[in-house]
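Shown below: target_1.cif, with mmCIF, C-alpha atoms and all ligand atoms.
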data_coords
loop_
_atom_site.label_atom_id
_atom_site.label_comp_id
_atom_site.auth_asym_id
_atom_site.auth_seq_id
_atom_site.Cartn_x
_atom_site.Cartn_y
_atom_site.Cartn_z
CA MET Q 1 -13.45 -19.08 -15.24
CA ASN Q 2 -14.18 -15.43 -14.55
CA TYR Q 3 -11.75 -12.55 -14.93
CA TYR Q 4 -11.31 -9.14 -13.33
CA VAL Q 5 -9.63 -6.02 -14.68
CA GLY Q 6 -7.37 -3.97 -12.42
CA ILE Q 7 -6.29 -0.41 -13.18
CA ASP Q 8 -3.46 0.95 -11.06
CA PHE Q 9 -3.72 4.71 -11.56
CA GLY Q 10 -0.62 6.64 -10.54
CA GLY Q 11 0.78 10.13 -10.90
CA THR Q 12 2.44 9.71 -14.26
CA GLY Q 13 1.10 6.49 -15.62
CA ILE Q 14 -1.37 3.67 -15.40
CA LYS Q 15 -0.98 -0.06 -15.31
CA VAL Q 16 -3.80 -2.22 -16.60
CA GLY Q 17 -4.02 -5.95 -16.03
CA ILE Q 18 -6.46 -8.84 -15.89
CA ILE Q 19 -6.47 -11.54 -13.21
CA ASN Q 20 -8.33 -14.83 -13.08
CA GLU Q 21 -10.29 -16.20 -10.11
CA ASP Q 22 -7.04 -17.45 -8.57
CA GLY Q 23 -5.50 -13.98 -8.68
CA GLU Q 24 -3.09 -14.97 -11.46
CA ILE Q 25 -2.23 -12.18 -13.86
CA GLN Q 26 -3.29 -13.10 -17.41
CA ILE Q 27 -1.94 -9.98 -19.09
CA LYS Q 28 -0.62 -6.61 -18.03
CA ASP Q 29 0.53 -3.46 -19.75
CA SER Q 30 1.52 0.03 -18.73
CA PHE Q 31 0.78 3.41 -20.27
CA VAL Q 32 1.87 6.99 -19.74
CA THR Q 33 -0.77 9.59 -18.94
CA ASP Q 34 -0.38 13.28 -19.69
CA PRO Q 35 -1.39 15.23 -16.57
CA GLN Q 36 -1.84 18.37 -18.73
CA LYS Q 37 -4.86 16.85 -20.50
CA SER Q 38 -8.35 17.48 -19.17
CA GLY Q 39 -9.87 15.01 -16.73
CA GLU Q 40 -12.37 13.89 -19.40
CA GLU Q 41 -9.56 13.19 -21.87
CA ILE Q 42 -7.56 11.26 -19.28
CA VAL Q 43 -10.56 9.06 -18.44
CA LYS Q 44 -11.15 8.43 -22.14
CA TYR Q 45 -7.50 7.45 -22.53
CA ILE Q 46 -7.72 5.09 -19.51
CA ALA Q 47 -10.76 3.47 -21.14
CA GLU Q 48 -8.88 3.06 -24.46
CA CYS Q 49 -5.92 1.47 -22.68
CA THR Q 50 -8.28 -0.90 -20.88
CA GLN Q 51 -10.02 -1.83 -24.13
CA LYS Q 52 -6.63 -2.54 -25.71
CA VAL Q 53 -5.60 -4.85 -22.84
CA ILE Q 54 -8.94 -6.69 -22.96
CA LYS Q 55 -8.57 -7.16 -26.72
CA ASP Q 56 -4.91 -8.25 -26.48
CA SER Q 57 -5.82 -10.80 -23.79
CA LYS Q 58 -8.14 -12.67 -26.20
CA LEU Q 59 -10.19 -13.66 -23.15
CA PRO Q 60 -13.95 -14.13 -23.65
CA GLU Q 61 -15.37 -10.63 -23.13
CA ALA Q 62 -18.46 -11.91 -21.30
CA ASN Q 63 -16.31 -13.56 -18.62
CA ILE Q 64 -14.59 -10.29 -17.75
CA LEU Q 65 -16.90 -9.21 -14.98
CA GLY Q 66 -15.77 -5.73 -14.04
CA VAL Q 67 -13.08 -3.13 -13.56
CA GLY Q 68 -11.40 -2.02 -10.33
CA ILE Q 69 -9.41 1.20 -10.06
CA GLY Q 70 -6.86 1.93 -7.34
CA SER Q 71 -5.87 5.58 -7.06
CA PRO Q 72 -3.77 7.66 -4.70
CA GLY Q 73 -5.35 10.64 -2.99
CA LEU Q 74 -8.73 11.45 -1.52
CA LEU Q 75 -11.77 9.88 -3.09
CA ASN Q 76 -15.27 8.59 -2.46
CA PRO Q 77 -15.53 4.86 -3.14
CA GLU Q 78 -19.34 4.95 -2.99
CA THR Q 79 -19.88 7.58 -5.68
CA GLY Q 80 -16.66 6.75 -7.53
CA GLN Q 81 -15.54 10.37 -7.44
CA LEU Q 82 -11.88 11.38 -7.25
CA LYS Q 83 -11.57 14.35 -4.87
CA VAL Q 84 -7.90 15.27 -4.60
CA VAL Q 85 -5.35 13.59 -6.87
CA VAL Q 86 -2.20 15.47 -5.90
CA ASN Q 87 -0.13 14.75 -9.02
CA VAL Q 88 -2.99 14.97 -11.52
CA PRO Q 89 -5.17 17.88 -10.34
CA ASN Q 90 -7.19 17.80 -13.59
CA MET Q 91 -8.73 14.58 -12.30
CA ASN Q 92 -10.10 16.25 -9.17
CA GLY Q 93 -13.88 15.98 -9.11
CA ILE Q 94 -14.08 13.36 -11.89
CA TYR Q 95 -16.62 10.54 -11.44
CA ILE Q 96 -14.22 7.98 -12.83
CA THR Q 97 -16.27 4.81 -12.25
CA LYS Q 98 -19.40 6.23 -13.92
CA GLN Q 99 -17.49 7.33 -17.00
CA LEU Q 100 -15.40 4.16 -17.33
CA SER Q 101 -18.42 1.96 -16.79
CA GLU Q 102 -20.36 3.78 -19.54
CA ILE Q 103 -17.52 3.45 -22.04
CA LEU Q 104 -16.55 -0.14 -21.19
CA GLY Q 105 -20.03 -1.50 -20.54
CA LYS Q 106 -18.92 -3.16 -17.31
CA PRO Q 107 -19.32 -2.27 -13.63
CA ALA Q 108 -16.41 -0.23 -12.28
CA PHE Q 109 -15.25 0.31 -8.70
CA LEU Q 110 -12.84 2.75 -7.09
CA ASP Q 111 -10.80 2.83 -3.90
CA ASN Q 112 -7.51 4.24 -2.69
CA ASP Q 113 -4.40 2.31 -3.63
CA VAL Q 114 -3.55 1.16 -0.10
CA ASN Q 115 -7.05 -0.25 0.42
CA THR Q 116 -6.83 -2.08 -2.90
CA MET Q 117 -3.39 -3.44 -2.00
CA SER Q 118 -4.86 -4.70 1.27
CA LEU Q 119 -7.67 -6.45 -0.60
CA GLY Q 120 -5.15 -8.03 -2.96
CA GLU Q 121 -3.16 -9.46 -0.06
CA PHE Q 122 -6.40 -10.56 1.60
CA TYR Q 123 -7.70 -12.51 -1.40
CA TYR Q 124 -4.50 -13.67 -3.07
CA GLY Q 125 -1.46 -12.92 -0.93
CA ALA Q 126 -0.20 -13.16 2.64
CA GLY Q 127 -3.69 -12.59 4.06
CA LYS Q 128 -5.67 -15.32 2.35
CA ALA Q 129 -5.86 -17.58 5.39
CA TYR Q 130 -7.53 -14.89 7.53
CA GLN Q 131 -10.75 -12.94 8.04
CA HIS Q 132 -9.29 -10.06 10.10
CA ILE Q 133 -6.13 -8.36 8.88
CA ILE Q 134 -4.33 -5.05 9.07
CA ALA Q 135 -2.15 -4.26 6.08
CA MET Q 136 0.50 -1.58 6.15
CA THR Q 137 2.71 -0.18 3.41
CA LEU Q 138 6.08 1.25 4.37
CA GLY Q 139 7.61 3.54 1.79
CA THR Q 140 8.08 7.27 1.43
CA GLY Q 141 4.79 7.46 3.28
CA VAL Q 142 3.09 4.92 5.51
CA GLY Q 143 -0.41 3.75 4.58
CA GLY Q 144 -2.78 1.13 5.87
CA GLY Q 145 -5.84 -0.92 5.16
CA ILE Q 146 -8.13 -2.68 7.62
CA ILE Q 147 -10.12 -5.79 6.73
CA LEU Q 148 -12.52 -7.04 9.39
CA ASN Q 149 -14.90 -9.97 9.08
CA GLY Q 150 -13.68 -10.44 5.52
CA GLU Q 151 -14.60 -6.92 4.45
CA LEU Q 152 -12.66 -3.74 3.91
CA TYR Q 153 -13.41 -1.30 6.73
CA ARG Q 154 -13.63 2.24 5.31
CA GLY Q 155 -14.97 4.26 8.22
CA ALA Q 156 -17.47 7.11 8.38
CA SER Q 157 -15.54 9.43 6.03
CA PHE Q 158 -13.70 6.73 4.04
CA THR Q 159 -10.42 7.54 5.79
CA ALA Q 160 -10.03 4.43 7.95
CA GLY Q 161 -6.55 2.98 7.72
CA GLU Q 162 -4.57 6.25 7.79
CA LEU Q 163 -2.13 4.43 10.02
CA GLY Q 164 0.88 6.54 9.04
CA HIS Q 165 -0.67 9.55 10.78
CA MET Q 166 -1.34 7.77 14.02
CA SER Q 167 0.59 9.87 16.53
CA ILE Q 168 2.92 7.83 18.73
CA SER Q 169 4.34 10.84 20.62
CA ARG Q 170 2.44 14.01 21.40
CA ASP Q 171 5.61 16.10 21.46
CA GLY Q 172 7.28 14.17 18.64
CA LYS Q 173 8.55 15.21 15.22
CA TYR Q 174 6.48 17.57 13.09
CA CYS Q 175 4.62 15.92 10.20
CA PRO Q 176 3.50 17.76 7.03
CA CYS Q 177 -0.07 16.71 7.87
CA GLY Q 178 0.06 19.34 10.64
CA ASN Q 179 0.32 16.91 13.53
CA TYR Q 180 3.25 15.89 15.72
CA GLY Q 181 4.70 12.46 16.31
CA CYS Q 182 3.05 10.67 13.35
CA LEU Q 183 4.27 7.10 12.86
CA GLU Q 184 5.24 7.96 9.28
CA ARG Q 185 7.88 10.38 10.54
CA TYR Q 186 9.67 7.50 12.26
CA VAL Q 187 9.21 4.45 10.04
CA GLY Q 188 8.74 6.15 6.64
CA ARG Q 189 11.67 6.73 4.30
CA ASP Q 190 12.86 10.05 5.77
CA GLY Q 191 12.50 8.84 9.35
CA ILE Q 192 14.75 5.86 8.69
CA VAL Q 193 17.38 7.94 6.89
CA GLU Q 194 17.32 10.59 9.67
CA ARG Q 195 17.90 7.86 12.24
CA PHE Q 196 20.92 6.64 10.28
CA MET Q 197 22.33 10.17 9.91
CA ASN Q 198 21.82 11.01 13.59
CA PRO Q 199 24.99 12.82 14.81
CA LYS Q 200 25.26 10.40 17.71
CA ASN Q 201 26.17 7.75 15.13
CA LYS Q 202 29.16 9.74 13.89
CA GLY Q 203 32.34 7.76 14.30
CA PHE Q 204 30.54 4.39 14.07
CA GLU Q 205 32.10 2.12 11.52
CA THR Q 206 29.76 1.42 8.66
CA SER Q 207 30.03 -0.19 5.25
CA ILE Q 208 27.12 1.87 3.86
CA ASP Q 209 29.38 3.61 1.30
CA LYS Q 210 29.28 0.50 -0.89
CA TYR Q 211 25.49 0.68 -1.15
CA LEU Q 212 24.72 4.38 -1.53
CA GLU Q 213 22.31 5.27 -4.34
CA ASP Q 214 23.70 8.26 -6.28
CA GLY Q 215 25.76 9.05 -3.20
CA GLU Q 216 22.67 9.08 -0.99
CA VAL Q 217 21.77 7.08 2.09
CA THR Q 218 18.40 5.45 1.41
CA PRO Q 219 16.40 2.75 3.22
CA LYS Q 220 17.39 0.38 0.41
CA ALA Q 221 21.10 1.13 0.96
CA ILE Q 222 20.62 0.63 4.71
CA SER Q 223 18.83 -2.70 4.09
CA LEU Q 224 21.57 -3.94 1.76
CA ALA Q 225 24.31 -2.91 4.18
CA ALA Q 226 22.43 -4.54 7.06
CA ALA Q 227 22.06 -7.78 5.11
CA ASP Q 228 25.84 -7.63 4.66
CA GLY Q 229 26.32 -7.42 8.43
CA ASP Q 230 26.77 -3.65 8.84
CA LYS Q 231 26.17 -3.08 12.55
CA LEU Q 232 24.95 0.51 12.33
CA SER Q 233 22.43 -0.38 9.60
CA ILE Q 234 21.22 -3.39 11.58
CA GLN Q 235 20.76 -1.15 14.62
CA VAL Q 236 18.83 1.47 12.59
CA LEU Q 237 16.49 -1.20 11.20
CA ARG Q 238 16.06 -2.71 14.67
CA GLU Q 239 15.00 0.65 16.11
CA THR Q 240 12.67 1.17 13.15
CA GLY Q 241 11.11 -2.23 13.79
CA GLU Q 242 10.73 -1.49 17.49
CA ILE Q 243 8.88 1.77 16.81
CA LEU Q 244 6.69 -0.01 14.26
CA GLY Q 245 5.96 -2.78 16.77
CA PHE Q 246 5.03 -0.23 19.43
CA ALA Q 247 2.42 1.26 17.06
CA LEU Q 248 1.22 -2.20 16.02
CA ALA Q 249 0.59 -3.10 19.68
CA THR Q 250 -2.02 -0.35 19.86
CA LEU Q 251 -3.67 -1.59 16.67
CA VAL Q 252 -3.68 -5.14 18.01
CA ASN Q 253 -5.38 -3.95 21.19
CA ALA Q 254 -7.92 -1.89 19.23
CA LEU Q 255 -8.80 -4.35 16.46
CA ASN Q 256 -7.69 -7.85 17.55
CA PRO Q 257 -6.54 -8.89 14.04
CA GLU Q 258 -5.35 -12.38 13.12
CA ALA Q 259 -2.48 -11.08 11.03
CA ILE Q 260 -0.60 -7.92 10.18
CA ILE Q 261 0.80 -7.72 6.67
CA ILE Q 262 3.64 -5.36 5.93
CA GLY Q 263 4.39 -4.29 2.35
CA GLY Q 264 6.12 -1.44 0.52
CA GLY Q 265 9.79 -1.02 -0.38
CA ILE Q 266 11.08 -0.87 3.18
CA SER Q 267 9.47 -4.21 4.05
CA ASN Q 268 12.13 -5.79 1.83
CA ALA Q 269 14.45 -5.53 4.85
CA GLY Q 270 12.39 -8.53 6.04
CA ASP Q 271 13.19 -9.97 9.45
CA LEU Q 272 15.68 -7.22 10.20
CA ILE Q 273 12.61 -4.97 10.70
CA LEU Q 274 9.77 -7.44 11.16
CA GLY Q 275 11.57 -9.47 13.85
CA PRO Q 276 12.00 -6.52 16.26
CA ALA Q 277 8.52 -5.28 15.28
CA SER Q 278 7.01 -8.61 16.31
CA GLU Q 279 8.97 -8.76 19.60
CA THR Q 280 7.95 -5.22 20.55
CA MET Q 281 4.33 -5.73 19.50
CA HIS Q 282 4.14 -8.80 21.73
CA ARG Q 283 5.74 -6.94 24.62
CA PHE Q 284 3.36 -3.96 24.50
CA ALA Q 285 0.05 -5.45 23.35
CA TYR Q 286 -2.50 -6.98 25.67
CA ALA Q 287 -1.58 -10.66 26.01
CA ILE Q 288 -4.74 -12.30 24.65
CA PRO Q 289 -4.93 -10.55 21.23
CA ALA Q 290 -1.10 -10.57 20.95
CA LYS Q 291 -0.85 -14.33 21.45
CA ASP Q 292 -2.30 -15.33 18.09
CA VAL Q 293 -1.48 -12.43 15.82
CA GLU Q 294 1.14 -13.06 13.15
CA ILE Q 295 3.22 -10.54 11.25
CA HIS Q 296 3.87 -11.38 7.60
CA LYS Q 297 5.67 -9.66 4.76
CA ALA Q 298 3.31 -8.83 1.86
CA GLU Q 299 3.51 -11.35 -0.98
CA LEU Q 300 2.30 -9.58 -4.10
CA GLY Q 301 5.36 -7.35 -4.58
CA ASN Q 302 5.40 -5.22 -7.72
CA ASP Q 303 2.01 -6.54 -8.82
CA ALA Q 304 0.27 -5.49 -5.59
CA GLY Q 305 -1.27 -2.41 -7.23
CA LEU Q 306 -2.73 -4.32 -10.19
CA VAL Q 307 -3.92 -7.41 -8.35
CA GLY Q 308 -5.29 -5.17 -5.60
CA ALA Q 309 -7.27 -3.00 -8.02
CA ALA Q 310 -8.73 -6.11 -9.68
CA SER Q 311 -9.58 -7.48 -6.21
CA LEU Q 312 -11.93 -4.56 -5.78
CA VAL Q 313 -14.18 -6.21 -8.36
CA VAL Q 314 -14.05 -9.47 -6.41
CA ALA Q 315 -14.94 -7.61 -3.19
CA ASN Q 316 -17.93 -5.92 -4.83
CA LEU Q 317 -19.32 -8.66 -7.06
CA THR Q 318 -18.69 -11.92 -5.24
ZN ZN Q 401 1.00 13.10 9.98
#

Show me the file's structure as C-alpha cells.
Ligand SMILES: [Zn+2]
Amino acid sequence: MNYYVGIDFGGTGIKVGIINEDGEIQIKDSFVTDPQKSGEEIVKYIAECTQKVIKDSKLPEANILGVGIGSPGLLNPETGQLKVVVNVPNMNGIYITKQLSEILGKPAFLDNDVNTMSLGEFYYGAGKAYQHIIAMTLGTGVGGGIILNGELYRGASFTAGELGHMSISRDGKYCPCGNYGCLERYVGRDGIVERFMNPKNKGFETSIDKYLEDGEVTPKAISLAAADGDKLSIQVLRETGEILGFALATLVNALNPEAIIIGGGISNAGDLILGPASETMHRFAYAIPAKDVEIHKAELGNDAGLVGAASLVVANLT
C-alpha cells in the first residue's frame, strides 16, 4: 500500500494528513502558523509539522510517495511558486515545492485549494465514477475546478475554473474583482444574505430569528430555517439555486461534463438549492449535454482540503 501526504495551507494555520490509496485518512493534525515570520521560516515550520505527522503515523517511510500542497491565492503549479497569498504576504514569491522537497526528500506538488478539492472529489468523492467533472465550492466566495478526460484543466495562465467571476449579467451587481454581475455576487454568502434582506421581503413571516448566528442572518441560518419549513428561507434558497443552475447551463454547454459537484458550506442546504439548480440547468442547457449530466453534493466535507491536497500527488505520480 502506498501513501500520500496532503498539506492544506490556509491563512492562519495548516492541516497535515496522510491518505492511503483508497483515499482514507490515516492520520491528521493541525498547526498554527505565524504570518509575521519570514517565508523561509514558515516553509521550514511546515516541513517540521509534516515530518512530525509522518513520524507519528508510524507508516513505512519508503511507501509515502510524495507531498501535495493546496493553497489559496495565485500560484504557479508548474514551478511550485506562490505568487499572492493574501493572508500571508511573507509567502509571496516562495518556491514552496522546491524547498519542501529538499527538506523532506520527497517530490512535492502545489495547486490552488479549489483545484485540489476538485481532485479529491474526482479520485475519492462524489466524482469517482466520472472522467469529466466540474466542481464548484459555494462559500464566502465561489470557486471552481474543471477535470476533463481524467485530468485537471488549468488553462493557459493557470486560472481555469474561476467560475465565481463568470458574469451572468453585464449590468449586474458590482464585484470586488472589478467586474459586474459575477456569479459569486449572487450565490456567494453575501449574495444569499442580501436576497434574504431584500426590502421587498419585509412583512413576510419568517422563523429565522431562532437560527440567527450572533444576531446575524447567515446562509447557515437560512438553511436551518428552510429545513424547518420557513417559507421565506425556502424561497431565497430556491432563487439561489435557480441562478446557480442558469450559470451551470452555460458550463454544461461549453464543457459537456458528466457531473457537476457542489461543495462548500452553502451546499449543506442540499436539495433546497441543488434541486432548483438542476431544474434550471436542464431548462437552459442544450438538450443533449443536459440529458446525462448529474448534479451531486460534494462528499469529502471537512476533509476535502486534506484529501484534495494529497490527491495532487496521485494526479502527478500515478
Ligand atoms: Zn468578480

Name all residues at most 7 Å from segment 276-293 of chain Q (count all atoms listed in the file; drop same-chain ones fewer than 3 positions away) and give them as number ranges by chain.
-> Q: 238, 241-242, 244-246, 248-250, 252-253, 256-259, 273

Environment of ligand ZN 401 (chain Q) within 7 Å, counting all atoms listed in the file, reported as a tab-separated table (two decimals) with C-alpha atoms, keeping the file's coordinate frame:
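Result went into result09.tsv, see below:
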chain	number	residue	atom	x	y	z
Q	164	GLY	CA	0.88	6.54	9.04
Q	165	HIS	CA	-0.67	9.55	10.78
Q	175	CYS	CA	4.62	15.92	10.20
Q	176	PRO	CA	3.50	17.76	7.03
Q	177	CYS	CA	-0.07	16.71	7.87
Q	178	GLY	CA	0.06	19.34	10.64
Q	179	ASN	CA	0.32	16.91	13.53
Q	180	TYR	CA	3.25	15.89	15.72
Q	182	CYS	CA	3.05	10.67	13.35
Q	184	GLU	CA	5.24	7.96	9.28

Quote the spacing between atom CA of Ile260 of chain Q and atom CA of Tyr3 of chain Q in Å to one decimal place.
->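 According to the coordinates, atom CA of Ile260 of chain Q and atom CA of Tyr3 of chain Q are separated by 27.9 Å.
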
Considering all atoms listed in the file, return as a list in words whatever protein or nucleic-acid residues lie within 8 Å of Glu21 of chain Q, sequence-local ones (same chain, fewer than 6 positions apart) excluded.
-> Met1, Asn2, Tyr3 and Tyr4 of chain Q

Test item: residues at most 6 Å from segment 267-270 of chain Q, all atoms listed in the file, excluding those fewer than 4 positions along its chain, as a PyMOL selection string = chain Q and resi 223+263+274

Please check which residues have atoms at most 8 Å from (2.3, 0.1, -18.7) in the file's coordinates, counting only C-alpha atoms, and write them as a list in words.
-> Gly13, Ile14, Lys15, Val16, Lys28, Asp29, Ser30, Phe31 and Val32 of chain Q

Hey, can you pull every residue with an atom no more than 9 Å from (-9.3, 12.0, -12.2), using only C-alpha atoms, and send it as number ranges by chain?
-> Q: 38-40, 42-43, 71, 81-85, 88-96

If we count all atoms listed in the file, what is near segment 299-315 of chain Q at a cut-off of 6 Å, once residues fewer than 2 positions away on the same chain are taken out, given as a list of chain:residue names?
-> Q:Tyr4, Q:Val5, Q:Gly6, Q:Ile7, Q:Asp8, Q:Gly66, Q:Gly68, Q:Ile69, Q:Gly70, Q:Thr116, Q:Met117, Q:Leu119, Q:Gly120, Q:Gly125, Q:Ala126, Q:Leu317, Q:Thr318

Please rebuild segment 146-166 of chain Q with N, CA, C and O atoms and give the result as a JSON list (two decimals), keeping the file's coordinate frame.
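Output file result09.json is given in full below:
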[["chain", "number", "residue", "atom", "x", "y", "z"],
["Q", 146, "ILE", "N", -7.59, -1.84, 6.54],
["Q", 146, "ILE", "CA", -8.13, -2.68, 7.62],
["Q", 146, "ILE", "C", -9.23, -3.56, 7.04],
["Q", 146, "ILE", "O", -10.18, -3.05, 6.44],
["Q", 147, "ILE", "N", -9.08, -4.86, 7.18],
["Q", 147, "ILE", "CA", -10.12, -5.79, 6.73],
["Q", 147, "ILE", "C", -10.63, -6.55, 7.95],
["Q", 147, "ILE", "O", -9.86, -7.20, 8.66],
["Q", 148, "LEU", "N", -11.91, -6.40, 8.22],
["Q", 148, "LEU", "CA", -12.52, -7.04, 9.39],
["Q", 148, "LEU", "C", -13.68, -7.90, 8.92],
["Q", 148, "LEU", "O", -14.45, -7.48, 8.04],
["Q", 149, "ASN", "N", -13.83, -9.07, 9.49],
["Q", 149, "ASN", "CA", -14.90, -9.97, 9.08],
["Q", 149, "ASN", "C", -14.94, -10.17, 7.56],
["Q", 149, "ASN", "O", -16.00, -10.26, 6.96],
["Q", 150, "GLY", "N", -13.77, -10.19, 6.96],
["Q", 150, "GLY", "CA", -13.68, -10.44, 5.52],
["Q", 150, "GLY", "C", -14.05, -9.26, 4.65],
["Q", 150, "GLY", "O", -14.17, -9.40, 3.43],
["Q", 151, "GLU", "N", -14.24, -8.09, 5.26],
["Q", 151, "GLU", "CA", -14.60, -6.92, 4.45],
["Q", 151, "GLU", "C", -13.72, -5.73, 4.77],
["Q", 151, "GLU", "O", -13.35, -5.50, 5.92],
["Q", 152, "LEU", "N", -13.44, -4.96, 3.73],
["Q", 152, "LEU", "CA", -12.66, -3.74, 3.91],
["Q", 152, "LEU", "C", -13.43, -2.78, 4.81],
["Q", 152, "LEU", "O", -14.61, -2.52, 4.58],
["Q", 153, "TYR", "N", -12.77, -2.27, 5.85],
["Q", 153, "TYR", "CA", -13.41, -1.30, 6.73],
["Q", 153, "TYR", "C", -12.98, 0.10, 6.30],
["Q", 153, "TYR", "O", -11.80, 0.44, 6.31],
["Q", 154, "ARG", "N", -13.96, 0.92, 5.87],
["Q", 154, "ARG", "CA", -13.63, 2.24, 5.31],
["Q", 154, "ARG", "C", -13.86, 3.39, 6.29],
["Q", 154, "ARG", "O", -13.31, 4.46, 6.12],
["Q", 155, "GLY", "N", -14.71, 3.19, 7.26],
["Q", 155, "GLY", "CA", -14.97, 4.26, 8.22],
["Q", 155, "GLY", "C", -16.03, 5.25, 7.75],
["Q", 155, "GLY", "O", -16.52, 5.17, 6.62],
["Q", 156, "ALA", "N", -16.37, 6.18, 8.63],
["Q", 156, "ALA", "CA", -17.47, 7.11, 8.38],
["Q", 156, "ALA", "C", -17.16, 8.09, 7.25],
["Q", 156, "ALA", "O", -18.06, 8.53, 6.54],
["Q", 157, "SER", "N", -15.91, 8.46, 7.08],
["Q", 157, "SER", "CA", -15.54, 9.43, 6.03],
["Q", 157, "SER", "C", -14.58, 8.81, 5.02],
["Q", 157, "SER", "O", -13.86, 9.52, 4.33],
["Q", 158, "PHE", "N", -14.56, 7.49, 4.96],
["Q", 158, "PHE", "CA", -13.70, 6.73, 4.04],
["Q", 158, "PHE", "C", -12.21, 6.99, 4.29],
["Q", 158, "PHE", "O", -11.41, 6.91, 3.38],
["Q", 159, "THR", "N", -11.84, 7.30, 5.51],
["Q", 159, "THR", "CA", -10.42, 7.54, 5.79],
["Q", 159, "THR", "C", -9.83, 6.50, 6.74],
["Q", 159, "THR", "O", -8.68, 6.67, 7.19],
["Q", 160, "ALA", "N", -10.57, 5.47, 7.07],
["Q", 160, "ALA", "CA", -10.03, 4.43, 7.95],
["Q", 160, "ALA", "C", -8.73, 3.89, 7.35],
["Q", 160, "ALA", "O", -8.60, 3.82, 6.13],
["Q", 161, "GLY", "N", -7.80, 3.56, 8.20],
["Q", 161, "GLY", "CA", -6.55, 2.98, 7.72],
["Q", 161, "GLY", "C", -5.44, 4.00, 7.51],
["Q", 161, "GLY", "O", -4.37, 3.65, 7.02],
["Q", 162, "GLU", "N", -5.66, 5.25, 7.89],
["Q", 162, "GLU", "CA", -4.57, 6.25, 7.79],
["Q", 162, "GLU", "C", -3.57, 6.01, 8.93],
["Q", 162, "GLU", "O", -3.38, 6.85, 9.81],
["Q", 163, "LEU", "N", -2.95, 4.85, 8.88],
["Q", 163, "LEU", "CA", -2.13, 4.43, 10.02],
["Q", 163, "LEU", "C", -0.83, 5.22, 10.13],
["Q", 163, "LEU", "O", -0.27, 5.35, 11.20],
["Q", 164, "GLY", "N", -0.37, 5.78, 9.01],
["Q", 164, "GLY", "CA", 0.88, 6.54, 9.04],
["Q", 164, "GLY", "C", 0.75, 7.83, 9.86],
["Q", 164, "GLY", "O", 1.74, 8.38, 10.31],
["Q", 165, "HIS", "N", -0.47, 8.30, 10.03],
["Q", 165, "HIS", "CA", -0.67, 9.55, 10.78],
["Q", 165, "HIS", "C", -1.25, 9.30, 12.16],
["Q", 165, "HIS", "O", -1.86, 10.17, 12.78],
["Q", 166, "MET", "N", -1.03, 8.10, 12.64],
["Q", 166, "MET", "CA", -1.34, 7.77, 14.02],
["Q", 166, "MET", "C", -0.19, 8.35, 14.84],
["Q", 166, "MET", "O", 0.98, 8.00, 14.62]]
